[in-house]
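Undergrad: Contents of protein19.cif (mmCIF, C-alpha atoms) are given next:
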```
data_coords
loop_
_atom_site.label_atom_id
_atom_site.label_comp_id
_atom_site.auth_asym_id
_atom_site.auth_seq_id
_atom_site.Cartn_x
_atom_site.Cartn_y
_atom_site.Cartn_z
CA MET O 641 -4.43 -22.48 -27.59
CA GLU O 642 -4.71 -20.59 -30.86
CA THR O 643 -3.67 -22.53 -33.94
CA LEU O 644 -3.28 -21.48 -37.54
CA ALA O 645 -4.81 -23.59 -40.27
CA ARG O 646 -2.29 -24.93 -42.77
CA THR O 647 -3.36 -25.88 -46.27
CA GLU O 648 -1.38 -27.90 -48.77
CA PRO O 649 -0.33 -25.88 -51.84
CA ALA O 650 -2.06 -26.62 -55.12
CA VAL O 651 0.05 -28.60 -57.62
CA ASP O 652 -0.01 -28.84 -61.40
CA ALA O 653 -0.04 -32.00 -63.53
CA LEU O 654 3.72 -32.43 -63.02
CA GLY O 655 3.43 -32.18 -59.25
CA ARG O 656 4.92 -28.71 -59.08
CA ALA O 657 3.51 -26.28 -56.54
CA GLU O 658 1.44 -23.54 -58.12
CA PRO O 659 1.90 -20.02 -56.81
CA ARG O 660 -0.92 -18.78 -54.63
CA PRO O 661 -2.05 -15.16 -54.86
CA PHE O 662 -1.15 -12.91 -51.97
CA HIS O 663 -3.85 -10.63 -50.58
CA PRO O 664 -3.53 -7.74 -48.08
CA LYS O 665 -5.62 -9.66 -45.53
CA HIS O 666 -2.83 -12.23 -45.28
CA LEU O 667 -0.73 -9.65 -43.45
CA LEU O 668 -3.15 -9.91 -40.54
CA GLN O 669 -2.39 -13.65 -40.18
CA GLN O 670 1.32 -13.26 -39.57
CA VAL O 671 2.83 -14.77 -36.43
CA LEU O 672 6.37 -13.99 -35.35
CA ILE O 673 8.55 -15.58 -32.67
CA SER O 674 11.25 -13.47 -30.99
CA SER O 675 13.04 -12.56 -27.73
CA LEU O 676 14.04 -15.96 -26.35
CA ALA O 677 15.04 -16.65 -22.74
CA VAL O 678 16.45 -20.01 -21.61
CA ALA O 679 15.84 -21.38 -18.11
CA PRO O 680 18.96 -21.58 -15.88
CA ASP O 681 18.81 -25.39 -15.94
CA GLY O 682 18.16 -25.48 -19.69
CA SER O 683 14.81 -27.24 -19.28
CA SER O 684 12.57 -24.69 -20.99
CA VAL O 685 12.48 -21.61 -23.19
CA VAL O 686 10.28 -18.54 -22.88
CA TYR O 687 9.61 -16.63 -26.07
CA VAL O 688 7.55 -13.74 -27.39
CA ARG O 689 4.78 -14.58 -29.85
CA ARG O 690 3.65 -11.59 -31.89
CA THR O 691 0.27 -11.55 -33.63
CA VAL O 692 -1.95 -8.91 -35.22
CA GLU O 693 -5.20 -8.11 -33.40
CA ASP O 694 -7.58 -5.29 -34.35
CA GLY O 695 -4.95 -3.85 -36.64
CA LYS O 696 -2.28 -3.69 -33.92
CA TYR O 697 0.58 -5.90 -32.82
CA ALA O 698 0.06 -7.96 -29.65
CA ARG O 699 3.05 -9.62 -28.00
CA ARG O 700 2.54 -12.36 -25.42
CA LEU O 701 4.88 -14.67 -23.54
CA TRP O 702 4.85 -18.42 -24.06
CA ARG O 703 6.94 -21.22 -22.54
CA VAL O 704 7.92 -24.53 -24.11
CA SER O 705 10.00 -27.45 -22.89
CA PHE O 706 13.44 -27.63 -24.48
CA GLY O 707 12.61 -31.22 -25.34
CA GLY O 708 9.53 -30.14 -27.29
CA GLY O 709 5.82 -30.55 -26.69
CA ALA O 710 2.88 -28.18 -26.47
CA PRO O 711 3.74 -24.64 -25.30
CA ASP O 712 2.11 -22.91 -22.32
CA GLN O 713 0.79 -19.36 -22.62
CA LEU O 714 2.13 -17.24 -19.75
CA THR O 715 0.57 -13.83 -20.46
CA SER O 716 -2.77 -13.01 -22.06
CA ALA O 717 -3.19 -9.22 -22.03
CA VAL O 718 -3.58 -7.46 -25.37
CA ALA O 719 -0.31 -5.63 -24.90
CA GLY O 720 3.33 -5.53 -25.83
CA ASP O 721 5.15 -8.02 -23.58
CA GLY O 722 8.85 -8.53 -24.26
CA ARG O 723 12.43 -9.00 -23.02
CA PRO O 724 11.71 -12.02 -20.75
CA ARG O 725 14.40 -12.91 -18.20
CA TYR O 726 14.41 -15.98 -15.93
CA SER O 727 15.29 -15.44 -12.29
CA PRO O 728 18.52 -17.15 -11.19
CA ASP O 729 16.52 -19.91 -9.45
CA GLY O 730 14.25 -20.35 -12.49
CA LYS O 731 11.05 -19.81 -10.49
CA ASN O 732 10.09 -16.35 -11.73
CA LEU O 733 10.22 -14.28 -14.85
CA VAL O 734 10.70 -10.55 -15.24
CA PHE O 735 9.61 -8.89 -18.47
CA ILE O 736 8.86 -5.48 -19.95
CA SER O 737 5.23 -4.67 -20.77
CA ASP O 738 3.23 -1.61 -21.83
CA ARG O 739 -0.06 -3.02 -20.50
CA SER O 740 -0.31 -0.16 -17.98
CA GLY O 741 0.72 2.58 -20.42
CA LYS O 742 4.46 3.25 -20.51
CA PRO O 743 6.68 0.14 -20.68
CA GLN O 744 7.43 -1.05 -17.14
CA ALA O 745 9.04 -4.05 -15.45
CA TRP O 746 6.63 -6.83 -14.49
CA LEU O 747 7.11 -10.05 -12.51
CA ILE O 748 5.30 -13.35 -12.98
CA SER O 749 5.64 -16.60 -11.04
CA LEU O 750 6.18 -19.59 -13.31
CA SER O 751 4.13 -21.72 -10.93
CA GLY O 752 1.02 -19.71 -11.81
CA GLY O 753 -0.78 -16.47 -11.09
CA GLU O 754 -1.09 -13.03 -12.65
CA PRO O 755 1.85 -10.71 -13.38
CA ARG O 756 2.74 -8.04 -10.82
CA GLN O 757 3.95 -4.58 -11.83
CA LEU O 758 7.33 -3.76 -10.28
CA THR O 759 8.00 -0.24 -11.55
CA ASP O 760 6.08 2.92 -12.39
CA LEU O 761 8.75 5.22 -13.77
CA PRO O 762 7.34 8.18 -15.75
CA GLY O 763 9.72 7.69 -18.67
CA GLY O 764 9.16 3.95 -18.86
CA VAL O 765 11.66 1.08 -18.59
CA GLY O 766 13.64 -0.27 -21.51
CA ALA O 767 15.40 -3.24 -19.91
CA ALA O 768 15.53 -5.22 -16.65
CA GLU O 769 18.20 -7.71 -15.57
CA TRP O 770 18.32 -9.90 -12.45
CA SER O 771 21.07 -9.53 -9.87
CA PRO O 772 23.04 -12.77 -9.29
CA ASP O 773 21.24 -13.37 -5.96
CA GLY O 774 17.80 -12.77 -7.50
CA ARG O 775 16.84 -10.03 -5.03
CA ARG O 776 17.31 -6.94 -7.20
CA LEU O 777 16.87 -5.72 -10.74
CA LEU O 778 19.11 -3.54 -12.83
CA LEU O 779 16.96 -1.20 -14.93
CA LEU O 780 17.64 0.96 -17.96
CA ALA O 781 15.06 3.75 -17.87
CA GLY O 782 14.60 7.44 -18.51
CA SER O 783 16.51 9.69 -16.13
CA GLY O 784 13.38 11.64 -15.18
CA GLU O 785 15.02 14.96 -16.04
CA LYS O 786 14.07 16.79 -19.25
CA ARG O 787 16.93 18.17 -21.35
CA PHE O 788 15.33 20.41 -23.96
CA VAL O 789 11.74 21.12 -22.96
CA VAL O 790 10.69 24.73 -22.39
CA GLY O 791 7.56 25.10 -20.25
CA SER O 792 5.44 22.25 -18.93
CA PRO O 793 6.75 18.75 -19.77
CA ASP O 794 3.15 17.70 -20.53
CA ASP O 795 2.54 20.60 -22.94
CA PRO O 796 5.90 22.13 -23.86
CA VAL O 797 6.12 25.53 -25.52
CA ALA O 798 9.30 24.64 -27.37
CA ARG O 799 12.51 22.64 -27.26
CA ARG O 800 15.83 24.40 -26.84
CA ILE O 801 18.25 22.13 -28.69
CA ARG O 802 21.83 22.10 -27.44
CA ASP O 803 23.46 19.11 -29.15
CA TYR O 804 23.56 17.23 -32.44
CA THR O 805 22.16 13.99 -31.02
CA TRP O 806 18.84 15.51 -29.95
CA ARG O 807 16.82 13.13 -32.12
CA MET O 808 17.34 9.59 -33.43
CA ASP O 809 15.52 7.36 -35.90
CA GLY O 810 13.32 4.85 -34.12
CA VAL O 811 13.61 6.80 -30.87
CA GLY O 812 12.39 10.30 -31.61
CA TYR O 813 13.22 13.24 -29.36
CA ARG O 814 15.85 12.41 -26.76
CA ASP O 815 14.26 14.63 -24.14
CA GLU O 816 15.66 12.36 -21.43
CA PHE O 817 18.86 10.37 -21.34
CA THR O 818 18.61 6.73 -20.30
CA SER O 819 19.97 6.17 -16.79
CA LEU O 820 20.93 3.14 -14.73
CA TRP O 821 18.45 2.30 -11.96
CA GLU O 822 18.29 -0.39 -9.27
CA THR O 823 15.19 -1.75 -7.53
CA GLN O 824 14.28 -4.50 -5.09
CA ILE O 825 12.07 -7.40 -6.14
CA SER O 826 10.16 -6.83 -2.91
CA GLY O 827 8.69 -3.69 -4.46
CA ALA O 828 10.81 -0.84 -3.07
CA LYS O 829 10.98 2.43 -4.98
CA PRO O 830 13.60 2.33 -7.78
CA ARG O 831 16.83 4.23 -7.13
CA ARG O 832 18.71 6.01 -9.91
CA ILE O 833 22.41 5.12 -9.84
CA THR O 834 23.91 7.20 -12.65
CA GLU O 835 23.65 10.92 -13.29
CA SER O 836 21.17 12.33 -15.78
CA ALA O 837 23.84 14.17 -17.81
CA TYR O 838 24.77 11.23 -20.05
CA ASN O 839 23.13 8.28 -21.78
CA VAL O 840 23.64 4.69 -20.58
CA GLU O 841 23.59 2.30 -23.53
CA ALA O 842 24.01 -1.06 -21.76
CA ALA O 843 24.88 -2.51 -18.35
CA ALA O 844 25.75 -5.79 -16.62
CA TRP O 845 26.02 -7.08 -13.04
CA SER O 846 29.28 -8.22 -11.46
CA PRO O 847 29.30 -11.86 -10.25
CA ASP O 848 28.97 -10.75 -6.60
CA GLY O 849 26.26 -8.17 -7.37
CA GLN O 850 28.24 -5.35 -5.73
CA SER O 851 29.17 -3.54 -8.94
CA ILE O 852 27.68 -2.79 -12.33
CA ALA O 853 29.60 -2.28 -15.56
CA PHE O 854 27.93 0.09 -17.99
CA VAL O 855 28.47 1.63 -21.42
CA ALA O 856 28.25 5.43 -21.75
CA ASP O 857 29.94 8.49 -23.20
CA ARG O 858 30.44 10.88 -20.27
CA ARG O 859 32.50 13.43 -22.22
CA PRO O 860 31.20 16.95 -22.89
CA GLU O 861 32.01 16.26 -26.56
CA ALA O 862 29.24 13.65 -26.62
CA ALA O 863 26.91 16.48 -27.62
CA LEU O 864 28.66 16.46 -31.01
CA ASP O 865 29.11 12.72 -31.50
CA GLU O 866 28.89 9.87 -29.00
CA TYR O 867 31.72 7.36 -28.55
CA PRO O 868 30.79 5.33 -25.46
CA SER O 869 33.38 3.64 -23.27
CA LEU O 870 33.16 1.21 -20.35
CA TRP O 871 32.61 2.25 -16.73
CA GLU O 872 32.06 0.61 -13.33
CA ILE O 873 29.86 1.84 -10.49
CA SER O 874 28.75 0.49 -7.11
CA SER O 875 25.28 -1.04 -7.02
CA THR O 876 24.85 -0.39 -3.30
CA GLU O 877 26.21 3.12 -2.77
CA THR O 878 25.51 6.47 -4.41
CA ASP O 879 28.65 7.43 -6.33
CA PRO O 880 28.59 10.27 -8.88
CA ASN O 881 32.09 9.36 -10.10
CA PRO O 882 32.14 5.88 -11.66
CA GLY O 883 35.49 4.29 -12.42
CA HIS O 884 36.69 4.15 -16.00
CA MET O 885 37.41 0.59 -17.16
CA ALA O 886 38.13 0.59 -20.90
CA ALA O 887 37.91 2.67 -24.06
CA LEU O 888 38.40 1.99 -27.76
CA LYS O 889 39.35 4.25 -30.66
CA GLY O 890 35.77 3.88 -31.84
CA ALA O 891 32.90 2.95 -29.51
CA VAL O 892 32.05 0.30 -26.95
CA VAL O 893 28.58 -1.01 -27.82
CA ASN O 894 27.66 -3.71 -25.28
CA VAL O 895 28.92 -5.46 -22.16
CA THR O 896 28.48 -8.74 -20.27
CA TRP O 897 29.85 -9.88 -16.91
CA ALA O 898 28.20 -12.27 -14.45
CA PRO O 899 28.70 -15.17 -14.20
CA THR O 900 31.81 -14.93 -16.39
CA ALA O 901 34.97 -14.28 -14.38
CA ARG O 902 36.09 -11.45 -16.66
CA ILE O 903 34.19 -8.56 -18.17
CA GLY O 904 33.51 -9.01 -21.86
CA PHE O 905 32.54 -6.15 -24.12
CA LEU O 906 31.86 -5.51 -27.80
CA GLY O 907 33.19 -2.55 -29.69
CA VAL O 908 35.02 -1.03 -32.64
CA ASP O 909 38.69 -0.09 -32.24
CA LYS O 910 38.94 2.21 -35.26
CA GLU O 911 38.58 5.97 -35.33
CA LYS O 912 35.56 7.33 -37.19
CA ALA O 913 34.55 3.81 -38.21
CA PRO O 914 31.36 3.53 -40.30
CA GLY O 915 28.26 1.86 -38.91
CA TRP O 916 28.98 -1.32 -40.86
CA ALA O 917 32.50 -1.77 -39.41
CA ASN O 918 33.33 -5.11 -37.82
CA VAL O 919 32.48 -5.39 -34.13
CA ASP O 920 35.06 -7.23 -32.00
CA LEU O 921 34.94 -8.89 -28.57
CA TYR O 922 37.33 -7.91 -25.79
CA PHE O 923 37.97 -9.25 -22.29
CA ILE O 924 39.23 -7.07 -19.45
CA ASP O 925 42.63 -8.48 -18.45
CA GLY O 926 44.19 -6.76 -15.46
CA ALA O 927 44.68 -3.10 -16.28
CA GLY O 928 44.06 -3.60 -20.00
CA HIS O 929 41.82 -5.39 -22.45
CA GLN O 930 42.56 -8.04 -25.06
CA PRO O 931 40.67 -8.87 -28.28
CA VAL O 932 39.35 -12.40 -28.69
CA GLY O 933 39.69 -14.09 -32.07
CA ALA O 934 42.06 -11.43 -33.39
CA GLY O 935 42.98 -12.04 -37.02
CA ARG O 936 39.92 -14.20 -37.74
CA ASP O 937 37.91 -11.35 -39.31
CA LEU O 938 34.82 -12.03 -37.20
CA ASN O 939 32.02 -9.47 -37.13
CA ILE O 940 30.33 -10.11 -33.79
CA GLN O 941 26.87 -8.71 -34.33
CA ASN O 942 23.51 -9.57 -35.85
CA SER O 943 23.57 -8.50 -39.48
CA SER O 944 20.37 -10.30 -40.51
CA TYR O 945 17.70 -7.91 -41.66
CA GLY O 946 14.32 -8.24 -43.32
CA ASP O 947 10.72 -7.13 -43.30
CA TYR O 948 9.64 -10.27 -41.45
CA MET O 949 11.60 -9.48 -38.32
CA ASP O 950 10.36 -7.84 -35.14
CA GLY O 951 11.62 -4.27 -34.86
CA GLU O 952 11.94 -4.86 -31.11
CA ASP O 953 14.95 -7.08 -31.87
CA PHE O 954 16.95 -4.42 -33.70
CA GLY O 955 19.13 -3.19 -30.90
CA LEU O 956 22.62 -3.66 -29.56
CA PRO O 957 24.68 -6.64 -30.78
CA PRO O 958 23.86 -9.42 -28.28
CA ILE O 959 26.51 -10.84 -25.97
CA VAL O 960 25.59 -13.25 -23.15
CA SER O 961 27.67 -14.81 -20.37
CA LEU O 962 27.33 -18.58 -20.56
CA ASP O 963 29.38 -19.66 -17.53
CA ALA O 964 32.49 -18.60 -15.62
CA GLN O 965 34.73 -19.08 -18.66
CA HIS O 966 32.62 -18.44 -21.77
CA VAL O 967 30.36 -15.88 -23.42
CA VAL O 968 28.18 -16.34 -26.49
CA GLY O 969 27.74 -13.85 -29.31
CA LEU O 970 26.31 -13.77 -32.81
CA VAL O 971 28.78 -13.67 -35.69
CA ALA O 972 27.59 -12.17 -38.97
CA HIS O 973 28.50 -13.99 -42.17
CA GLU O 974 27.02 -13.44 -45.63
CA GLY O 975 23.67 -12.21 -44.34
CA PHE O 976 23.31 -14.88 -41.65
CA SER O 977 24.06 -14.70 -37.93
CA HIS O 978 25.57 -17.72 -36.17
CA PRO O 979 26.15 -18.27 -32.41
CA TYR O 980 29.80 -18.54 -31.39
CA SER O 981 31.35 -19.37 -28.03
CA PHE O 982 34.26 -17.21 -26.84
CA ALA O 983 36.41 -18.36 -23.93
CA VAL O 984 38.33 -16.05 -21.61
CA ASP O 985 41.51 -17.93 -22.61
CA GLY O 986 40.97 -16.90 -26.25
CA GLU O 987 39.42 -20.09 -27.65
CA VAL O 988 36.68 -19.51 -30.25
CA ALA O 989 34.17 -22.18 -31.29
CA ALA O 990 31.31 -22.03 -33.79
#
```
Let me see whether you can do it: turn the structure in this file into structure tokens.
TA:
Amino acid sequence: METLARTEPAVDALGRAEPRPFHPKHLLQQVLISSLAVAPDGSSVVYVRRTVEDGKYARRLWRVSFGGGAPDQLTSAVAGDGRPRYSPDGKNLVFISDRSGKPQAWLISLSGGEPRQLTDLPGGVGAAEWSPDGRRLLLLAGSGEKRFVVGSPDDPVARRIRDYTWRMDGVGYRDEFTSLWETQISGAKPRRITESAYNVEAAAWSPDGQSIAFVADRRPEAALDEYPSLWEISSTETDPNPGHMAALKGAVVNVTWAPTARIGFLGVDKEKAPGWANVDLYFIDGAGHQPVGAGRDLNIQNSSYGDYMDGEDFGLPPIVSLDAQHVVGLVAHEGFSHPYSFAVDGEVAA
């Protein structure tokens, strides 16, 4: 296992640490830990370890016992491995890797062996989540249908732009919307569930695996400005008309469901709210939705930012179902982000 040498800082006559000069080569020694996944039984944690090799970032998966001890290296390719997810039985791990070119979903057995590629979608895969029974994966991936390209997709003549959200920082040209896909662990061809005419921001399985809740703006006005809301669609049947579940005055930004009994989602309930507006948590309750922790002025998102953070982690505010009654989210406070537990009955605990 690779180790980094640690040297004690020089001290002056009074025992105070003397500053050491920083050189550009020190940037190549940086190691960053990110993208944690906890085993279903809580016994171990898989994480991404990012290093610099030949002037490029390399991200590999490691596993360590929750009780401590030496970590085990799970992947060794000089590639970008990320977003690890334990299978419900804790025996396998699905992750996203660009080792074959475009980012795709890969599977590795935690008892040993080499990873196996599960998908080969032309637009790549951005996320993969296990179904509750461990037999299928929910995928967020390019729709496969170009929106703006004129001529050959491989060598376009031009782009005919038709909306204001055609390009985004950190993303580039939005030639394809992200769609919701489903695939079998056995290796069957992935099946696109949602239409290509709108962008899916996030999605979550129902506890029985028969439905998927997803975040998207399906309005024609989304070409001017996107305000996603919450929808539900069957995971087993082709249905071009998903059911509408909830909307806010602003935007829904993320969703969680299984194994929690109720659907939880994050969003902003203010019209034309700025990007720094507080994000609140809501639970679906019958035909409506109720905010959790109302009046406590909680901003449920990760507000920590700095140069020594992996850009892969700057995404949607995280929200994770803990059990049938609780979800966990990060609450921003004075530049720090702290985990909070939110119960479906409204109880909030730091």
Undergrad: Separation of atom CA of Gly812 of chain O and atom CA of Gln744 of chain O, in Å?
TA: 19.0 Å
Undergrad: Expanded to explicit residues, what is the PyMOL selection byres ((chain O and resi 776-783) around 8) for this file, as number ranges by chain?
TA: O: 761-771, 773-775, 784-785, 816-825, 832, 835-836, 840, 842, 844-845
Undergrad: Go through the shown structure with the PyMOL selection byres ((chain O and resi 909-916) around 7) and write out the matching residues as a list in words.
TA: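 Here the PyMOL selection byres ((chain O and resi 909-916) around 7) matches Leu888, Lys889, Gly890, Gly907, Val908, Ala917 and Asn918 of chain O.
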Undergrad: Here's the selection I'm unsure about, the PyMOL selection byres ((chain O and resi 858) around 6); applied to the file above, which residues does it give, as a compact mmCIF listing (two decimals) with C-alpha atoms, in the coordinates of the input?
TA:
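Saved result, part-v1.txt, follows:
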```txt
# COMPACT_ATOMS: atom_id res chain seq x y z
CA TYR O 838 24.77 11.23 -20.05
CA ASP O 857 29.94 8.49 -23.20
CA ARG O 859 32.50 13.43 -22.22
```
Undergrad: Which one of O:Phe976, O:Trp746, O:Tyr726, O:Tyr867 sits closest to Asn942 of chain O if you count all atoms listed in the file?
TA: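 Comparing O:Phe976, O:Trp746, O:Tyr726, O:Tyr867 against Asn942 of chain O, the winner is O:Phe976.
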Undergrad: Taking (10.3, 2.8, -8.3) in the file's own coordinates, collect the residues within 8 Å, counting only C-alpha atoms, and hand them back as a PDB file with C-alpha atoms, in the coordinates of the input.
TA:
```pdb
ATOM      1  CA  LEU O 758       7.330  -3.760 -10.280  1.00  0.00           C
ATOM      2  CA  THR O 759       8.000  -0.240 -11.550  1.00  0.00           C
ATOM      3  CA  ASP O 760       6.080   2.920 -12.390  1.00  0.00           C
ATOM      4  CA  LEU O 761       8.750   5.220 -13.770  1.00  0.00           C
ATOM      5  CA  THR O 823      15.190  -1.750  -7.530  1.00  0.00           C
ATOM      6  CA  GLY O 827       8.690  -3.690  -4.460  1.00  0.00           C
ATOM      7  CA  ALA O 828      10.810  -0.840  -3.070  1.00  0.00           C
ATOM      8  CA  LYS O 829      10.980   2.430  -4.980  1.00  0.00           C
ATOM      9  CA  PRO O 830      13.600   2.330  -7.780  1.00  0.00           C
ATOM     10  CA  ARG O 831      16.830   4.230  -7.130  1.00  0.00           C
TER      11      ARG O 831
END
```
Undergrad: So which one's closest to Gln850 of chain O, O:Ala898, O:Tyr813, O:Pro755, O:Glu866? Using all atoms listed in the file, please.
TA: O:Ala898
Undergrad: Would you mind reading off the distance between atom CA of His973 of chain O and atom CA of Val932 of chain O, one decimal, in Å?
TA: 17.4 Å
Undergrad: Given all atoms listed in the file as the basis, pick out the residue of O:Glu974, O:Val895, O:Asp865, O:Leu714 nearest to Val734 of chain O.
TA: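 Closest residue, counting all atoms listed in the file: O:Leu714.
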Undergrad: Expressed in Å to a single decimal, how great is the separation between atom CA of Gly975 of chain O and atom CA of Ser943 of chain O?
TA: 6.1 Å
Undergrad: Pick out the closest residue to Arg690 of chain O from this set: O:Val671, O:Val704, O:Asn939, O:Tyr922. Count only C-alpha atoms.
TA: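 Checking each of O:Val671, O:Val704, O:Asn939, O:Tyr922 against Arg690 of chain O, counting only C-alpha atoms, the winner is O:Val671.
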Undergrad: Which residue gives the smallest distance to Pro724 of chain O among O:Glu693, O:Ala964, O:Ala698, O:Ser674, with all atoms listed in the file counted?
TA: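 Counting all atoms listed in the file, the residue closest to Pro724 of chain O is O:Ser674.
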Undergrad: Counting all atoms listed in the file, which residue out of O:Ala837, O:Met808, O:Leu870, O:Met949 sits closest to Gly883 of chain O?
TA: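 Residue with the minimum atom-to-atom distance to Gly883 of chain O: O:Leu870.
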Undergrad: Show which residues sit within 12 Å of Lys696 of chain O, as a PyMOL selection string. Count only C-alpha atoms, and ignore same-chain residues fewer than 2 positions away.
TA: chain O and resi 667-670+690-694+698-699+718-720
Undergrad: Need the shell around Ile903 of chain O: protein/DNA/RNA residues with any atom at most 7 Å away, counting all atoms listed in the file. Skip same-chain ones fewer than 5 positions apart. Format as JSON, numbers by chain?
TA: {"O": [896, 897, 923, 924]}
